[in-house]
>>> print(open('entry20.txt').read())   # compact mmCIF, C-alpha atoms
# COMPACT_ATOMS: atom_id res chain seq x y z
CA MET A 1 6.62 5.77 7.38
CA CYS A 2 10.03 4.92 8.73
CA THR A 3 12.27 7.96 8.55
CA TYR A 4 15.79 6.48 8.44
CA ILE A 5 16.82 9.23 10.89
CA ASN A 6 19.59 7.58 12.87
CA GLU A 7 21.59 8.94 15.79
CA LYS A 8 24.71 6.84 15.56
CA THR A 9 27.47 6.69 18.14
CA GLN A 10 30.63 4.71 18.59
CA ILE A 11 30.75 2.64 21.76
CA PHE A 12 33.11 0.23 23.42
CA GLY A 13 31.79 -2.84 25.15
CA SER A 14 29.95 -6.11 24.73
CA ALA A 15 26.37 -7.23 24.38
CA LYS A 16 24.73 -10.60 24.78
CA GLY A 17 22.31 -11.98 22.27
CA PRO A 18 20.90 -15.41 21.44
CA GLY A 19 24.29 -16.57 20.19
CA GLY A 20 26.19 -15.40 23.27
CA TRP A 21 28.41 -12.40 23.91
CA ILE A 22 29.64 -10.20 21.09
CA LYS A 23 31.88 -7.16 21.05
CA VAL A 24 29.98 -4.05 19.99
CA ASP A 25 31.43 -0.87 18.54
CA THR A 26 28.33 1.04 17.38
CA ALA A 27 24.90 1.96 18.71
CA ASN A 28 22.27 3.00 16.19
CA VAL A 29 19.61 5.01 18.03
CA PHE A 30 16.33 6.08 16.47
CA PHE A 31 12.71 6.89 17.24
CA ASP A 32 10.45 5.28 14.68
CA HIS A 33 7.88 2.58 14.04
CA PRO A 34 8.98 -0.49 15.99
CA TYR A 35 9.26 -4.01 14.64
CA HIS A 36 8.02 -5.88 17.70
CA ALA A 37 6.85 -3.55 20.50
CA GLN A 38 3.15 -2.76 20.23
CA LEU A 39 3.63 0.99 19.98
CA ASP A 40 3.11 3.53 17.21
CA HIS A 41 6.66 4.74 17.73
CA ALA A 42 9.48 3.45 19.85
CA LEU A 43 13.00 4.40 20.81
CA GLY A 44 15.12 1.74 19.19
CA ILE A 45 18.73 0.94 19.93
CA ASP A 46 20.66 -1.54 17.81
CA PHE A 47 23.99 -2.58 19.30
CA VAL A 48 26.20 -3.91 16.52
CA ASN A 49 29.80 -4.56 15.62
CA GLU A 50 30.12 -2.49 12.50
CA ALA A 51 33.78 -3.42 12.08
CA GLU A 52 32.63 -7.00 11.55
CA GLY A 53 29.83 -6.08 9.17
CA SER A 54 26.99 -5.74 11.69
CA ARG A 55 26.19 -9.40 11.16
CA GLU A 56 24.77 -9.74 14.67
CA ARG A 57 22.58 -7.31 16.50
CA VAL A 58 21.29 -6.82 20.03
CA ALA A 59 18.18 -4.66 19.82
CA VAL A 60 15.71 -2.99 22.13
CA GLU A 61 12.49 -1.08 21.38
CA LEU A 62 11.22 1.12 24.23
CA SER A 63 8.35 3.51 24.72
CA ALA A 64 9.37 7.17 24.78
CA ASP A 65 8.61 7.48 28.50
CA SER A 66 10.49 4.37 29.47
CA ALA A 67 13.42 5.36 27.29
CA ARG A 68 13.66 8.68 29.09
CA ARG A 69 13.48 6.91 32.46
CA LEU A 70 16.24 4.60 31.31
CA VAL A 71 18.45 7.53 30.30
CA ASP A 72 17.89 9.02 33.75
CA ARG A 73 18.74 5.74 35.50
CA ILE A 74 21.82 5.19 33.35
CA LEU A 75 23.15 8.59 34.39
CA ALA A 76 22.22 7.92 38.01
CA ALA A 77 23.96 4.54 37.95
CA LEU A 78 27.08 6.11 36.46
CA ASP A 79 27.11 8.84 39.12
CA SER A 80 26.59 6.52 42.07
CA GLY A 81 28.78 3.76 40.67
CA GLU A 82 31.69 6.03 39.86
CA ALA A 83 31.41 7.57 43.34
CA ALA A 84 31.34 4.16 44.98
CA HIS A 85 34.38 3.07 43.02
CA ALA A 86 36.08 6.38 43.75
CA ILE A 87 36.33 7.25 40.07
CA GLY A 88 36.45 10.98 39.55
CA SER A 89 33.85 12.29 37.15
CA GLY A 90 36.59 14.03 35.19
CA VAL A 91 38.64 10.87 34.77
CA ALA A 92 38.41 9.43 31.27
CA PRO A 93 37.70 5.71 31.07
CA ALA A 94 40.57 3.48 30.07
CA ARG A 95 38.91 2.51 26.78
CA GLY A 96 36.33 4.00 24.46
CA MET B 1 -13.88 -13.96 -9.92
CA THR B 2 -11.56 -15.53 -7.38
CA TYR B 3 -9.11 -18.41 -7.58
CA ASP B 4 -8.56 -20.94 -4.82
CA ALA B 5 -5.75 -22.86 -6.50
CA LEU B 6 -2.53 -20.83 -6.51
CA VAL B 7 1.08 -21.32 -7.47
CA ALA B 8 3.42 -19.49 -5.12
CA GLY B 9 7.01 -19.43 -3.96
CA GLU B 10 10.40 -17.81 -4.25
CA VAL B 11 11.85 -16.94 -7.63
CA SER B 12 15.00 -15.27 -8.85
CA PHE B 13 14.96 -12.08 -10.81
CA ALA B 14 17.64 -9.89 -12.36
CA GLY B 15 17.49 -6.66 -10.40
CA HIS B 16 19.05 -3.26 -10.87
CA GLY B 17 22.50 -3.48 -12.42
CA GLY B 18 21.95 -7.13 -13.26
CA ASP B 19 22.20 -8.16 -9.60
CA SER B 20 20.52 -11.51 -9.01
CA GLY B 21 17.78 -11.06 -6.43
CA THR B 22 15.03 -13.01 -4.80
CA ALA B 23 11.31 -12.34 -5.00
CA TYR B 24 8.10 -13.99 -3.86
CA GLN B 25 5.55 -14.67 -6.57
CA ALA B 26 1.96 -15.87 -6.40
CA ARG B 27 -0.49 -16.40 -9.26
CA PRO B 28 -3.65 -18.35 -10.02
CA ALA B 29 -2.97 -21.91 -11.04
CA ALA B 30 -5.52 -21.53 -13.84
CA ALA B 31 -4.31 -20.47 -17.26
CA GLY B 32 -4.27 -16.74 -18.04
CA PRO B 33 -4.16 -14.23 -19.35
CA VAL B 34 -3.92 -12.39 -16.04
CA PRO B 35 -2.66 -8.90 -15.20
CA GLY B 36 0.30 -8.46 -12.90
CA VAL B 37 0.97 -6.56 -9.69
CA VAL B 38 4.33 -5.65 -8.19
CA VAL B 39 4.07 -5.58 -4.39
CA ILE B 40 6.66 -3.27 -2.80
CA HIS B 41 7.29 -4.20 0.80
CA HIS B 42 7.39 -1.77 3.70
CA ALA B 43 10.48 -0.50 5.50
CA PRO B 44 10.47 -3.39 8.04
CA GLY B 45 11.38 -5.63 5.16
CA TRP B 46 10.43 -8.53 2.93
CA ASP B 47 8.34 -10.27 5.51
CA GLU B 48 5.46 -12.69 5.89
CA TRP B 49 2.90 -9.94 5.49
CA CYS B 50 4.07 -8.98 2.00
CA THR B 51 3.79 -12.62 0.91
CA GLU B 52 0.22 -12.62 2.23
CA VAL B 53 -0.50 -9.56 0.11
CA ALA B 54 0.90 -11.30 -2.96
CA ARG B 55 -1.31 -14.34 -2.34
CA LYS B 56 -4.35 -12.13 -1.87
CA PHE B 57 -3.80 -10.62 -5.30
CA ALA B 58 -3.36 -14.11 -6.77
CA HIS B 59 -6.64 -15.15 -5.17
CA HIS B 60 -8.26 -12.25 -6.99
CA GLY B 61 -6.81 -13.13 -10.36
CA TYR B 62 -3.47 -11.36 -10.57
CA ALA B 63 0.08 -12.61 -10.97
CA ALA B 64 1.87 -10.88 -8.11
CA ILE B 65 5.57 -10.50 -7.48
CA ALA B 66 7.10 -9.05 -4.32
CA PRO B 67 10.79 -8.38 -4.91
CA ASN B 68 13.04 -8.39 -1.88
CA LEU B 69 14.47 -4.89 -2.11
CA TYR B 70 16.95 -5.75 0.65
CA PHE B 71 18.46 -8.85 -0.99
CA ARG B 72 21.82 -7.13 -1.30
CA ASP B 73 21.94 -6.68 2.49
CA GLY B 74 21.16 -10.24 3.51
CA PRO B 75 21.25 -12.95 4.58
CA GLY B 76 19.69 -12.99 8.01
CA ALA B 77 16.42 -12.60 9.83
CA VAL B 78 14.07 -10.10 8.18
CA ASP B 79 14.30 -7.63 11.05
CA ASP B 80 18.09 -7.84 11.24
CA VAL B 81 18.43 -7.22 7.51
CA ALA B 82 16.00 -4.31 7.76
CA ALA B 83 18.02 -2.88 10.66
CA ARG B 84 21.16 -3.08 8.52
CA VAL B 85 19.40 -1.25 5.68
CA ARG B 86 18.09 1.34 8.10
CA ALA B 87 21.56 2.00 9.54
CA GLU B 88 22.85 2.55 6.00
CA GLY B 89 20.14 5.14 5.39
CA GLY B 90 17.74 3.00 3.39
CA VAL B 91 17.98 1.60 -0.12
CA PRO B 92 18.81 4.08 -2.91
CA ASP B 93 15.86 5.23 -5.02
CA GLU B 94 17.72 4.57 -8.26
CA GLN B 95 18.39 0.98 -7.22
CA VAL B 96 14.76 0.44 -6.18
CA MET B 97 13.49 1.81 -9.50
CA GLY B 98 15.77 -0.65 -11.29
CA ASP B 99 14.50 -3.52 -9.18
CA VAL B 100 10.87 -2.54 -9.77
CA ALA B 101 11.44 -2.24 -13.52
CA SER B 102 12.95 -5.73 -13.47
CA ALA B 103 10.00 -7.10 -11.51
CA ILE B 104 7.61 -5.59 -14.07
CA ALA B 105 9.61 -7.20 -16.87
CA TRP B 106 9.52 -10.52 -14.99
CA LEU B 107 5.72 -10.35 -14.81
CA ARG B 108 5.36 -9.49 -18.49
CA GLY B 109 7.64 -12.39 -19.37
CA GLU B 110 5.36 -14.96 -17.80
CA PRO B 111 3.45 -17.07 -20.31
CA ASN B 112 0.05 -16.28 -18.78
CA ALA B 113 0.60 -12.49 -18.60
CA SER B 114 -2.00 -10.16 -20.03
CA GLY B 115 0.59 -7.41 -20.28
CA ARG B 116 -1.16 -5.00 -17.88
CA VAL B 117 0.85 -4.36 -14.71
CA GLY B 118 0.16 -2.36 -11.57
CA VAL B 119 2.37 -1.45 -8.62
CA ILE B 120 1.32 -1.26 -4.97
CA GLY B 121 3.45 -0.38 -1.98
CA PHE B 122 3.17 0.20 1.73
CA CYS B 123 4.97 2.66 4.02
CA SER B 124 8.34 3.31 2.34
CA GLY B 125 6.98 1.11 -0.44
CA GLY B 126 4.13 3.60 -0.91
CA ARG B 127 6.70 6.30 -1.51
CA GLN B 128 8.62 4.02 -3.87
CA THR B 129 5.36 3.21 -5.69
CA TYR B 130 4.78 6.91 -6.29
CA LEU B 131 8.31 7.20 -7.66
CA ALA B 132 7.86 4.16 -9.89
CA ALA B 133 4.60 5.54 -11.26
CA CYS B 134 6.52 8.67 -12.27
CA LEU B 135 9.88 7.23 -13.32
CA VAL B 136 9.45 3.63 -14.50
CA ASP B 137 8.06 2.82 -17.93
CA GLY B 138 5.15 0.45 -18.26
CA VAL B 139 3.22 1.03 -15.03
CA ASP B 140 -0.51 0.90 -15.83
CA ALA B 141 -1.87 1.68 -12.35
CA ALA B 142 -0.33 2.53 -8.98
CA VAL B 143 -1.50 2.28 -5.37
CA ASP B 144 0.29 4.32 -2.73
CA CYS B 145 -0.57 3.06 0.75
CA TRP B 146 0.44 5.70 3.31
CA GLY B 147 3.80 6.44 1.71
CA GLY B 148 5.61 9.00 3.84
CA ASN B 149 8.14 11.57 2.71
CA VAL B 150 6.49 11.88 -0.70
CA VAL B 151 6.18 15.50 0.37
CA VAL B 152 9.37 16.50 2.18
CA ASP B 153 9.33 19.35 4.71
CA ASP B 154 12.94 19.13 5.84
CA PRO B 155 15.49 19.34 2.99
CA SER B 156 18.04 17.56 5.18
CA LEU B 157 15.99 14.40 4.63
CA LEU B 158 16.95 14.51 0.96
CA THR B 159 20.10 12.41 0.74
CA THR B 160 22.23 10.92 -1.99
CA ARG B 161 20.10 7.79 -1.67
CA ARG B 162 16.82 9.72 -1.88
CA PRO B 163 17.77 13.00 -3.57
CA VAL B 164 14.37 14.22 -4.78
CA ALA B 165 11.00 14.51 -3.05
CA PRO B 166 8.68 12.27 -5.07
CA VAL B 167 6.04 15.01 -5.25
CA ASP B 168 8.46 16.94 -7.44
CA TYR B 169 8.12 14.24 -10.10
CA THR B 170 4.32 14.54 -10.24
CA GLY B 171 4.36 16.02 -13.73
CA ARG B 172 5.83 12.73 -14.95
CA LEU B 173 3.16 10.52 -13.35
CA GLY B 174 2.14 8.24 -16.18
CA CYS B 175 -0.78 6.21 -14.83
CA PRO B 176 -3.86 6.44 -12.62
CA LEU B 177 -3.03 6.62 -8.92
CA LEU B 178 -4.93 5.37 -5.88
CA GLY B 179 -3.87 6.76 -2.51
CA LEU B 180 -4.92 5.33 0.86
CA PHE B 181 -4.15 7.23 4.03
CA GLY B 182 -5.00 7.27 7.73
CA ASN B 183 -5.97 10.64 9.10
CA ASP B 184 -4.14 9.91 12.36
CA ASP B 185 -0.86 9.31 10.54
CA GLY B 186 1.97 11.76 11.16
CA ASN B 187 3.95 10.86 8.03
CA PRO B 188 2.16 11.35 5.74
CA SER B 189 0.04 13.75 7.76
CA PRO B 190 -3.31 14.95 6.39
CA GLU B 191 -1.53 18.17 5.47
CA HIS B 192 1.06 16.22 3.45
CA VAL B 193 -1.77 14.42 1.68
CA ASN B 194 -3.41 17.78 0.94
CA ARG B 195 -0.23 19.06 -0.64
CA LEU B 196 0.20 15.90 -2.68
CA GLU B 197 -3.38 16.18 -3.88
CA ASP B 198 -2.77 19.83 -4.83
CA ALA B 199 0.19 18.78 -6.96
CA LEU B 200 -1.78 16.01 -8.68
CA ARG B 201 -4.67 18.36 -9.36
CA SER B 202 -2.47 21.13 -10.70
CA HIS B 203 -0.80 18.70 -13.11
CA GLY B 204 -4.17 17.34 -14.22
CA LYS B 205 -3.41 13.78 -13.15
CA THR B 206 -5.93 10.97 -12.68
CA TYR B 207 -6.04 9.99 -9.02
CA GLU B 208 -8.36 8.79 -6.25
CA PHE B 209 -7.56 9.47 -2.59
CA HIS B 210 -9.32 7.84 0.34
CA ARG B 211 -8.61 9.12 3.83
CA TYR B 212 -9.72 7.10 6.83
CA ASP B 213 -10.77 8.55 10.15
CA GLY B 214 -9.77 6.55 13.21
CA ALA B 215 -6.77 5.09 11.41
CA GLY B 216 -3.08 5.86 11.51
CA HIS B 217 -0.01 4.52 9.80
CA ALA B 218 -0.07 0.97 8.43
CA PHE B 219 -3.63 0.37 9.55
CA MET B 220 -3.85 -2.80 7.42
CA SER B 221 -1.14 -4.61 9.42
CA TRP B 222 -3.21 -7.20 11.26
CA TYR B 223 -0.37 -8.09 13.65
CA ARG B 224 0.05 -4.53 14.97
CA HIS B 225 -2.02 -2.80 17.63
CA HIS B 226 -2.90 -0.05 15.17
CA TYR B 227 -4.73 -2.52 12.91
CA ARG B 228 -8.17 -1.18 11.98
CA ILE B 229 -10.45 -3.85 10.67
CA GLU B 230 -13.26 -1.72 9.21
CA GLN B 231 -10.88 0.61 7.40
CA THR B 232 -8.83 -2.35 6.18
CA VAL B 233 -11.83 -4.15 4.72
CA ASP B 234 -12.94 -1.01 2.93
CA ALA B 235 -9.42 -0.26 1.71
CA TRP B 236 -9.05 -3.73 0.19
CA HIS B 237 -12.34 -3.22 -1.65
CA LYS B 238 -11.01 0.08 -2.95
CA VAL B 239 -7.71 -1.48 -4.09
CA LEU B 240 -9.35 -4.39 -5.89
CA ASP B 241 -11.95 -2.15 -7.50
CA PHE B 242 -9.30 0.31 -8.69
CA LEU B 243 -6.95 -2.32 -10.09
CA GLY B 244 -9.86 -4.19 -11.64
CA ARG B 245 -10.93 -1.09 -13.54
CA HIS B 246 -7.43 -0.24 -14.75
CA LEU B 247 -5.84 -3.65 -15.24
CA LYS B 248 -8.67 -6.04 -16.06
CA ALA B 249 -11.29 -3.97 -17.87
CA GLY B 250 -11.29 -3.89 -21.64
>>> encode(input="entry20.txt", output="structure tokens")
Amino acid sequence: MCTYINEKTQIFGSAKGPGGWIKVDTANVFFDHPYHAQLDHALGIDFVNEAEGSRERVAVELSADSARRLVDRILAALDSGEAAHAIGSGVAPARG
Amino acid sequence: MTYDALVAGEVSFAGHGGDSGTAYQARPAAAGPVPGVVVIHHAPGWDEWCTEVARKFAHHGYAAIAPNLYFRDGPGAVDDVAARVRAEGGVPDEQVMGDVASAIAWLRGEPNASGRVGVIGFCSGGRQTYLAACLVDGVDAAVDCWGGNVVVDDPSLLTTRRPVAPVDYTGRLGCPLLGLFGNDDGNPSPEHVNRLEDALRSHGKTYEFHRYDGAGHAFMSWYRHHYRIEQTVDAWHKVLDFLGRHLKAG
């Protein structure tokens, strides 16, 4: 059954859903039975604005393999992007 | 005997703490008396599938009610509400038991009620069914469909919302229990089911377990890729036979 195990992290940014862009402050990350993806288990991420009651949500459900590839590409994009923009890896972002 | 003419739709019920909640009810249009069944929805929420289950029971001569256990976390799309509940760590067991007790009372208050009431639940609802069979008065039969975390390996999974592993209440189980499980399921795994069966046996409880090869979690969900038609057909026969014996006979 669904476990309710949730790896929660605060984030700073925006996400776009059916109603347009929303500010998001929280990502709920879990590996469990998906709602939509035809998988036994999926890596789910819910981007929400908890400060505003999590009324809207931008969600993804990914296979374990594709989630790991995504993590790898996110880190690669950060490395190459920060280098291209001459942002030192030790420099904290302005927000969040 | 089956019934083609049904009465179905949303109703209000007074849930735990007197909170006004919504439920889906379905019953034969013909006069009773008919037994009742509380349908406890799965973790993904109070969705179309649980209303189909309620109508199936009505077709087979039961008054069924499926309370929305997430009504306090709405409104919104079913999946969004379920995501909200999930992020909060699920609904508290005490609150669910209150809602189930209220749903049972609602069924018994209907003019065509026979007074016999069963409870069936799926996924997290299977776990909650086991709890209700142990903790709620007036349950005459219970059907646990692949409820996970009835046996808890990791104590950190016991939270203020779910403080006790349901298996630890087995001595208080007050009605016959039917359990349906897929042998490819990881939660409950076959080993979990073994341990649950050991507890039931050691307490001398009346139970029937059916374990299906080639099936995993939620194998009755026709809209999921893990749907297993042969196991589902057999499982529905088992459910209707079990409830018929304990709710309709005599």
>>> interface_residues(input="entry20.txt", of="chain B", to="chain A", cutoff="10 Å", atoms="all atoms listed in the file", output="PDB file with C-alpha atoms, keeping the file's coordinate frame")
ATOM      1  CA  HIS B  42       7.390  -1.770   3.700  1.00  0.00           C
ATOM      2  CA  ALA B  43      10.480  -0.500   5.500  1.00  0.00           C
ATOM      3  CA  PRO B  44      10.470  -3.390   8.040  1.00  0.00           C
ATOM      4  CA  GLY B  45      11.380  -5.630   5.160  1.00  0.00           C
ATOM      5  CA  GLY B  74      21.160 -10.240   3.510  1.00  0.00           C
ATOM      6  CA  PRO B  75      21.250 -12.950   4.580  1.00  0.00           C
ATOM      7  CA  GLY B  76      19.690 -12.990   8.010  1.00  0.00           C
ATOM      8  CA  ASP B  79      14.300  -7.630  11.050  1.00  0.00           C
ATOM      9  CA  ASP B  80      18.090  -7.840  11.240  1.00  0.00           C
ATOM     10  CA  VAL B  81      18.430  -7.220   7.510  1.00  0.00           C
ATOM     11  CA  ALA B  82      16.000  -4.310   7.760  1.00  0.00           C
ATOM     12  CA  ALA B  83      18.020  -2.880  10.660  1.00  0.00           C
ATOM     13  CA  ARG B  84      21.160  -3.080   8.520  1.00  0.00           C
ATOM     14  CA  VAL B  85      19.400  -1.250   5.680  1.00  0.00           C
ATOM     15  CA  ARG B  86      18.090   1.340   8.100  1.00  0.00           C
ATOM     16  CA  ALA B  87      21.560   2.000   9.540  1.00  0.00           C
ATOM     17  CA  GLU B  88      22.850   2.550   6.000  1.00  0.00           C
ATOM     18  CA  GLY B  89      20.140   5.140   5.390  1.00  0.00           C
ATOM     19  CA  GLY B  90      17.740   3.000   3.390  1.00  0.00           C
ATOM     20  CA  PHE B 122       3.170   0.200   1.730  1.00  0.00           C
ATOM     21  CA  CYS B 123       4.970   2.660   4.020  1.00  0.00           C
ATOM     22  CA  SER B 124       8.340   3.310   2.340  1.00  0.00           C
ATOM     23  CA  GLY B 125       6.980   1.110  -0.440  1.00  0.00           C
ATOM     24  CA  GLY B 126       4.130   3.600  -0.910  1.00  0.00           C
ATOM     25  CA  ARG B 127       6.700   6.300  -1.510  1.00  0.00           C
ATOM     26  CA  TRP B 146       0.440   5.700   3.310  1.00  0.00           C
ATOM     27  CA  GLY B 147       3.800   6.440   1.710  1.00  0.00           C
ATOM     28  CA  GLY B 148       5.610   9.000   3.840  1.00  0.00           C
ATOM     29  CA  ASN B 149       8.140  11.570   2.710  1.00  0.00           C
ATOM     30  CA  LEU B 157      15.990  14.400   4.630  1.00  0.00           C
ATOM     31  CA  ASP B 185      -0.860   9.310  10.540  1.00  0.00           C
ATOM     32  CA  GLY B 186       1.970  11.760  11.160  1.00  0.00           C
ATOM     33  CA  ASN B 187       3.950  10.860   8.030  1.00  0.00           C
ATOM     34  CA  PRO B 188       2.160  11.350   5.740  1.00  0.00           C
ATOM     35  CA  GLY B 216      -3.080   5.860  11.510  1.00  0.00           C
ATOM     36  CA  HIS B 217      -0.010   4.520   9.800  1.00  0.00           C
ATOM     37  CA  ALA B 218      -0.070   0.970   8.430  1.00  0.00           C
ATOM     38  CA  TYR B 223      -0.370  -8.090  13.650  1.00  0.00           C
ATOM     39  CA  ARG B 224       0.050  -4.530  14.970  1.00  0.00           C
ATOM     40  CA  HIS B 225      -2.020  -2.800  17.630  1.00  0.00           C
ATOM     41  CA  HIS B 226      -2.900  -0.050  15.170  1.00  0.00           C
TER      42      HIS B 226
END
>>> atom_distance(input="entry20.txt", atom1="CA of Leu69 (chain B)", atom2="CA of Thr2 (chain B)")
28.6 Å
>>> atom_distance(input="entry20.txt", atom1="CA of Val60 (chain A)", atom2="CA of Val91 (chain B)")
22.8 Å
>>> closest_residue(input="entry20.txt", among="B:Met220, B:Leu178, B:Ala113, B:Ala14", to="Glu52 (chain B)", atoms="only C-alpha atoms")
B:Met220
>>> residues_around(input="entry20.txt", residues="Val164 (chain B)", least_positions_apart="2", cutoff="12 Å", atoms="all atoms listed in the file", output="list in words")
Pro92, Asp93, Glu94, Arg127, Gln128, Leu131, Leu135, Asn149, Val150, Val151, Val152, Asp153, Asp154, Pro155, Ser156, Leu157, Leu158, Thr159, Thr160, Arg161, Arg162, Pro166, Val167, Asp168, Tyr169 and Thr170 of chain B
>>> atom_distance(input="entry20.txt", atom1="CA of Asp65 (chain A)", atom2="CA of Ile45 (chain A)")
14.8 Å
>>> residues_around(input="entry20.txt", residues="Lys16 (chain A)", least_positions_apart="3", cutoff="10 Å", atoms="only C-alpha atoms", output="NGL selection string")
:A and (19-24 or 47 or 57-58)
>>> decode(input="entry20.txt", residues="region 162-178 of chain B", atoms="N, CA and C atoms", output="short mmCIF file (atom, residue, chain, number, x, y, z; two decimals), in the first residue's frame")
data_model
loop_
_atom_site.label_atom_id
_atom_site.label_comp_id
_atom_site.auth_asym_id
_atom_site.auth_seq_id
_atom_site.Cartn_x
_atom_site.Cartn_y
_atom_site.Cartn_z
N ARG B 162 -0.71 7.17 13.17
CA ARG B 162 -0.91 5.71 13.11
C ARG B 162 0.01 5.08 14.15
N PRO B 163 -0.38 5.17 15.44
CA PRO B 163 0.56 4.84 16.51
C PRO B 163 0.76 3.35 16.78
N VAL B 164 -0.16 2.51 16.32
CA VAL B 164 -0.11 1.09 16.67
C VAL B 164 -0.22 0.25 15.40
N ALA B 165 0.61 -0.78 15.30
CA ALA B 165 0.48 -1.72 14.18
C ALA B 165 -0.83 -2.49 14.35
N PRO B 166 -1.69 -2.49 13.35
CA PRO B 166 -2.98 -3.15 13.51
C PRO B 166 -2.89 -4.59 14.00
N VAL B 167 -1.84 -5.31 13.61
CA VAL B 167 -1.72 -6.71 14.04
C VAL B 167 -1.72 -6.81 15.56
N ASP B 168 -1.26 -5.75 16.22
CA ASP B 168 -1.20 -5.78 17.69
C ASP B 168 -2.58 -5.71 18.34
N TYR B 169 -3.60 -5.39 17.54
CA TYR B 169 -4.97 -5.38 18.05
C TYR B 169 -5.71 -6.69 17.77
N THR B 170 -5.02 -7.68 17.24
CA THR B 170 -5.70 -8.90 16.76
C THR B 170 -6.56 -9.56 17.84
N GLY B 171 -6.12 -9.51 19.08
CA GLY B 171 -6.91 -10.11 20.15
C GLY B 171 -8.29 -9.51 20.28
N ARG B 172 -8.46 -8.28 19.77
CA ARG B 172 -9.76 -7.59 19.87
C ARG B 172 -10.61 -7.76 18.61
N LEU B 173 -10.12 -8.51 17.64
CA LEU B 173 -10.90 -8.72 16.41
C LEU B 173 -12.24 -9.36 16.77
N GLY B 174 -13.32 -8.70 16.38
CA GLY B 174 -14.63 -9.13 16.85
C GLY B 174 -15.53 -9.73 15.81
N CYS B 175 -15.01 -10.07 14.63
CA CYS B 175 -15.87 -10.60 13.57
C CYS B 175 -15.04 -11.47 12.64
N PRO B 176 -15.69 -12.27 11.81
CA PRO B 176 -14.94 -13.04 10.80
C PRO B 176 -14.22 -12.12 9.82
N LEU B 177 -13.05 -12.56 9.39
CA LEU B 177 -12.21 -11.74 8.51
C LEU B 177 -11.89 -12.51 7.24
N LEU B 178 -12.03 -11.83 6.11
CA LEU B 178 -11.55 -12.36 4.82
C LEU B 178 -10.36 -11.51 4.39
#
